[in-house]
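These notes concern the structure reproduced below.
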Amino acid sequence: MRKETIGTLSMKLNFERTQGVVIVTSCARVDSDNAGAFQRALCEILQEGDRALVVDFTPLNYIGSAGLRAILLTAKDLGQRAVGFGLCEIEPHVRKLFAIGVDEVVSIHKTRKEAVASFSD
């Protein structure tokens, strides 16, 4: 499992691959300033053979409506590509925002280990 970083002008995201699952560690804030770059990075990070993408929101302390939209658009894109998509490690104060329907479209897991296991063979 090798950790790598992808970056844009507005953020850097760390990621690693394990068991065919790409795990991306989120930035601390996903808002209207960086949501588009966040979404593009998530969709572009996948390589052939990757079965799923998991976003670890451990560092996240704020997500705005543009960030939630980026999550939903990523889910749509990955669904069309038959790639699993999940979120994990969401703080309770942020988790409440995902209860407005995002959790009906994207699988949300308590831990990174649980998320990866959900997409394993």
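Chain identifiers are assigned as A, B, and so on, following the order in which chains appear in the structure tokens; residues are numbered from 1 within each chain, and ligands are numbered from 1 in order of appearance.
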
Item to complete: Please provide as a VMD selection string all residues within 12 Å of Lys113 of chain A, with the sequence filter that same-chain residues fewer than 5 positions apart are discarded (counting only C-alpha atoms).
Response: chain A and resid 18 to 19 21 23 54 to 56 86 to 89 118 to 120

Those same residues, written as an mmCIF file, in the first residue's frame with N, CA and C atoms?
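The result, stored in selection39.cif:
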data_model
loop_
_atom_site.group_PDB
_atom_site.id
_atom_site.type_symbol
_atom_site.label_atom_id
_atom_site.label_comp_id
_atom_site.auth_asym_id
_atom_site.auth_seq_id
_atom_site.Cartn_x
_atom_site.Cartn_y
_atom_site.Cartn_z
ATOM 1 N N THR A 18 -5.655 -0.230 -1.763
ATOM 2 C CA THR A 18 -5.574 -1.474 -1.025
ATOM 3 C C THR A 18 -6.735 -2.371 -1.442
ATOM 4 N N GLN A 19 -6.437 -3.594 -1.770
ATOM 5 C CA GLN A 19 -7.460 -4.582 -2.124
ATOM 6 C C GLN A 19 -8.392 -4.096 -3.231
ATOM 7 N N VAL A 21 -9.328 -1.100 -3.766
ATOM 8 C CA VAL A 21 -10.094 0.064 -3.317
ATOM 9 C C VAL A 21 -9.146 1.252 -3.199
ATOM 10 N N ILE A 23 -8.484 4.718 -1.508
ATOM 11 C CA ILE A 23 -8.915 5.477 -0.325
ATOM 12 C C ILE A 23 -8.317 6.875 -0.430
ATOM 13 N N VAL A 54 -13.233 5.108 -1.799
ATOM 14 C CA VAL A 54 -13.693 5.465 -0.456
ATOM 15 C C VAL A 54 -13.063 6.799 -0.092
ATOM 16 N N VAL A 55 -13.875 7.721 0.384
ATOM 17 C CA VAL A 55 -13.357 9.010 0.854
ATOM 18 C C VAL A 55 -13.363 8.984 2.375
ATOM 19 N N ASP A 56 -12.179 9.147 2.945
ATOM 20 C CA ASP A 56 -12.000 9.204 4.396
ATOM 21 C C ASP A 56 -12.097 10.677 4.797
ATOM 22 N N GLY A 86 -17.966 4.929 -1.434
ATOM 23 C CA GLY A 86 -18.356 5.019 -0.035
ATOM 24 C C GLY A 86 -17.611 6.130 0.680
ATOM 25 N N LEU A 87 -18.146 6.494 1.818
ATOM 26 C CA LEU A 87 -17.559 7.530 2.671
ATOM 27 C C LEU A 87 -17.332 6.932 4.047
ATOM 28 N N CYS A 88 -16.355 7.461 4.772
ATOM 29 C CA CYS A 88 -16.117 6.964 6.128
ATOM 30 C C CYS A 88 -15.504 8.052 7.003
ATOM 31 N N GLU A 89 -15.485 7.755 8.296
ATOM 32 C CA GLU A 89 -14.835 8.612 9.303
ATOM 33 C C GLU A 89 -15.388 10.042 9.295
ATOM 34 N N SER A 118 -16.363 -3.574 2.895
ATOM 35 C CA SER A 118 -17.642 -3.618 2.192
ATOM 36 C C SER A 118 -17.482 -3.764 0.678
ATOM 37 N N PHE A 119 -16.309 -3.399 0.154
ATOM 38 C CA PHE A 119 -16.062 -3.501 -1.274
ATOM 39 C C PHE A 119 -15.121 -4.634 -1.643
ATOM 40 N N SER A 120 -14.692 -5.419 -0.665
ATOM 41 C CA SER A 120 -13.788 -6.533 -0.920
ATOM 42 C C SER A 120 -14.560 -7.735 -1.426
#

Discussion item. Between atom CA of Ile90 of chain A and atom CA of Phe57 of chain A, what is the distance in Å, rounded to a tenth?
Written reply: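 Between atom CA of Ile90 of chain A and atom CA of Phe57 of chain A the gap works out to 5.2 Å.
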
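For the pair atom CA of Glu114 of chain A and atom CA of Lys12 of chain A, the separation is 24.6 Å.
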
Worksheet item: To one decimal place, how far is atom CA of Val83 of chain A from atom CA of Asp33 of chain A in Å?
Response: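 We find that atom CA of Val83 of chain A and atom CA of Asp33 of chain A lie 26.7 Å from each other.
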
Worksheet item: Hey, what does DSSP flag as alpha helix (DSSP H) within segment 5-102 of chain A? Can you give it to me as a ChimeraX atom specification?
Response: /A:35-44,65-80,92-98,102

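Comparing the minimum interatomic distances between Ala82 of chain A and each of A:Ala28, A:Ala52, A:Ala115, A:Val102, counting only C-alpha atoms, we find that A:Ala52 sits nearest.
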
Worksheet item: Which residue, A:Pro59, A:Gly67, A:Gly49, A:Gly101, has the smallest gap to Arg81 of chain A when you use only C-alpha atoms?
Response: A:Gly49
